[in-house]
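J.: For reference, the structure I am asking about is given below.
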Amino acid sequence: MTRARRQRILRPPCGGPLWHETAPRPVSVDGLPTMTPLQSIETIVRSMPRAAFAATADAASGALAVTCTNAAFAALMEAGGAHEPGTAGAPFPPARFGRDVAERIAAAVRQGRGGRFDLDAADAPPGLPPQRIEVELLHLGEGAWLGLLADVAAERRALELLAESESRYRSAAESGSDWVWETDSDHRFRWLSPRHAAMGVIPDALALGHVRWEFSPDPPDGPAWAAHRAALDRRLPFRDFDHRKRLPDGSIRHVRISGKPFYGTDGQFLGYRGTGRDVTAEFDARRQAELAEARLADAIDSFRDGFALFDAEDRLVRASRRLLEMTGPVSGLFRPGARYADILRGAAAAGRFMAGTQEELERFVAIRLEQHGNPPTDIEYQTGDGRWLRLSETRTGDGGVAMVFSDITNLKRAEAALRKAAEEAEAASQAKSQFLANMSHELRTPLNAIIGFAEIIADEILGHAAQDRYRAYARDIRASGMHLLDVISQVLDMSKIDAGRFDLREERIDLAEVTMSATRLVERLARDAKLQLSVDLPPDLPMLMADRRALRQILINLLSNAIKFTGPGGRVALAAAIEPGGDLAIAVSDTGIGIAEQDIPTALAPFGQIDSAMTRERPGTGLGLPIVKALTELHGGSLAIESKLGVGTTVRLRLPARRLVQAEKAAATPTRLSVPPPS
């Protein structure tokens, strides 16, 4: 082994020799080029960075004392706020870099090994940036040291910013819904972010080294892929290119990608970089929405009525097929996006609406626009070709307007036919009423004469009739005449009521007096029928505002009906009372044959006849109850029937409280009456 020897080869300008250990073979000093023994110190000095210093070390403590510096070292120290940095004996490192690094340097010096150290200034002086200095100490032997310094603050800060940027980019790429990809100049994948694998689109092991269209179920020379590949060949950036991918399990995913070409420093094209996103859920949702819209369109087109939908800006969204058929020559106006005002004015100009003058047409358009802007609307109008349409408009949730057009031409024709029939029926009714009025006069006059002469004969007013049989015939003639007169009177009253020509002659009347008058007229009927007739009225009834003749007719009809359909030994009763609500209730009840519930409407209908043995024995016109009901309703009252077969019937009518004159009491008139059957 060749013995190392000391050799002084250079004296620096600040004085004091620099020594190094020489060796027979080349040596390398901490990252510097390999040097021969005689070249090492000189090479180190000549290749020193801008800041350098020479120092000696205390053998015991390892502390370095500066012996010689260059100008760069002095400037570096002064930039950090040090004073007299080149003074012989100044300690290194300065105190502002902290005790920790000073102790580590001292330990390295004591061991004679030197090394590379980072000096970070703990506190920068006001107005000065923080310092970060990299120091490399070289041991020259015999306590001599050479230090090489470089200010790496900017370099370190740049590295920190780069690392921070890379971390931020990585976090964004991994946490977002997109993945990042990179392809080479042949468009083959060479890198995919971890998010790609997490999305489960195509495993990275299968994707790397392949072009994306290899995984598509669509032909690579199809229109979409051909256009995309042409853009790639022209080095064009692209955005939101949607395509399908077939996964290894055979399922299909929809992917959306964007990318930009990138180039090397020499301008050479290196490939594309971009992002990708799995939009299968979005595509499926859009597809479902399209299907739902198609179903809705089919449903709308199947409506018998026309339909149109306008958005919040009053532009047409959709018009149904039926509406286009209904609008005929102007259906071309119903284009998606057209404003309703333009459609309306275009239809008016084409003569679509029935209007007399131009002024009337303009007024119709103005009114329609106002109605359209303030739904809901429900109108009817006639088109230029004579058809009738009903238009209903409603406001939608998003501020638009939904319109429904119904062709009501047939309905209008039916209404016109009904009106004509009603007018004809009214004319016929008036003719009937006039005929009945005339016939009443023509029939009553001879009937009155027949009845009068029959009474004279029956009562022997002019003398004794020779034969009893003549008197019996006279009584029969009188009874038949009275019956015929009653029938004619009822028919006439009913016809007047139907024609709305029965006028009430209202006055203050005493109900008890009218009731007793009506009862006296039917007393003989009750005795002949061998039944009991009773009347029970409250003694303090107020006066009643009513038509005397109509009220008397009501009571006579009810009592006559009750007597007619009640057998011998039965009871007929009339009662009245003031109800808690103030209405006047009058009830006529009997213990007669009764009426089946389903036959009550028939009994209340004009000329209605209920088929039973007793009704066949006691024929009538079927107008008694209908006249009672009509006259009661003319007074503002109501009529109700409660009946049970074989038990009896109660007819109850109510007159409103406003017809009672509470301030006036009726005169002292008998309020109770009982007609017992003959013994």
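For the structure tokens, the naming scheme is as follows: chains receive sequential letters (A, B, ...) according to their order of presentation, residues are indexed from 1 within each chain, and ligands are indexed from 1 in presentation order.
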Find the residues near Phe215 of chain A: any atom within 8 Å, counting only C-alpha atoms, skip ones fewer than 5 places away on the same chain, and give them as an mmCIF file with all heavy atoms, in the first residue's frame.
T.:
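Output contents, as saved in around.cif:
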data_model
loop_
_atom_site.group_PDB
_atom_site.id
_atom_site.type_symbol
_atom_site.label_atom_id
_atom_site.label_comp_id
_atom_site.auth_asym_id
_atom_site.auth_seq_id
_atom_site.Cartn_x
_atom_site.Cartn_y
_atom_site.Cartn_z
ATOM 1 N N LYS A 245 -68.548 1.779 -24.382
ATOM 2 C CA LYS A 245 -67.478 0.811 -24.123
ATOM 3 C C LYS A 245 -68.109 -0.514 -23.720
ATOM 4 O O LYS A 245 -69.074 -0.543 -22.946
ATOM 5 C CB LYS A 245 -66.543 1.294 -23.016
ATOM 6 C CG LYS A 245 -65.572 2.381 -23.443
ATOM 7 C CD LYS A 245 -64.598 2.692 -22.321
ATOM 8 C CE LYS A 245 -63.587 3.744 -22.742
ATOM 9 N NZ LYS A 245 -62.713 3.254 -23.802
ATOM 10 N N ARG A 246 -67.532 -1.587 -24.260
ATOM 11 C CA ARG A 246 -67.969 -2.920 -23.862
ATOM 12 C C ARG A 246 -67.011 -3.444 -22.799
ATOM 13 O O ARG A 246 -65.804 -3.525 -23.025
ATOM 14 C CB ARG A 246 -68.003 -3.875 -25.055
ATOM 15 C CG ARG A 246 -68.660 -5.225 -24.709
ATOM 16 C CD ARG A 246 -68.501 -6.224 -25.847
ATOM 17 N NE ARG A 246 -69.056 -5.739 -27.088
ATOM 18 C CZ ARG A 246 -70.341 -5.815 -27.411
ATOM 19 N NH1 ARG A 246 -71.209 -6.342 -26.553
ATOM 20 N NH2 ARG A 246 -70.773 -5.357 -28.570
ATOM 21 N N LEU A 247 -67.531 -3.778 -21.620
ATOM 22 C CA LEU A 247 -66.711 -4.276 -20.532
ATOM 23 C C LEU A 247 -66.419 -5.762 -20.740
ATOM 24 O O LEU A 247 -67.082 -6.425 -21.537
ATOM 25 C CB LEU A 247 -67.411 -4.060 -19.194
ATOM 26 C CG LEU A 247 -67.159 -2.708 -18.523
ATOM 27 C CD1 LEU A 247 -67.591 -1.554 -19.402
ATOM 28 C CD2 LEU A 247 -67.845 -2.636 -17.163
#
J.: Segment 334-336 of chain A: which residues within 8 Å, counting only C-alpha atoms, same-chain residues fewer than 5 positions away excluded, as number ranges by chain?
T.: A: 315-319, 324, 343
J.: Find the residues near Ala312 of chain A: any atom within 8 Å, counting only C-alpha atoms, skip ones fewer than 3 places away on the same chain, and give them as a ChimeraX atom specification.
T.: /A:315,398-401
J.: Neighbours of segment 577-585 of chain A within 7 Å (only C-alpha atoms; same-chain residues fewer than 4 positions away dropped), as an NGL selection string?
T.: :A and (538 or 652-657)
J.: Output as a count of residues only all residues of segment 291-337 of chain A that backbone DSSP marks as alpha helix (DSSP H).
T.: 18
J.: Could you pull out the strand (DSSP E) residues of segment 158-341 of chain A from DSSP and send them as number ranges by chain?
T.: A: 179-183, 189-192, 238-246, 252-263, 269-278, 306-310, 316-319
J.: Show which residues sit within 8 Å of Asp547 of chain A, as JSON, numbers by chain. Count only C-alpha atoms, and ignore same-chain residues fewer than 4 positions away.
T.: {"A": [504, 505, 506, 507, 551]}
J.: Can you tell me, as JSON, numbers by chain, what residues are no more than 10 Å from Ala605 of chain A when counting only C-alpha atoms, ignoring any on the same chain fewer than 6 positions away?
T.: {"A": [622, 623, 624, 625, 626, 627, 629]}
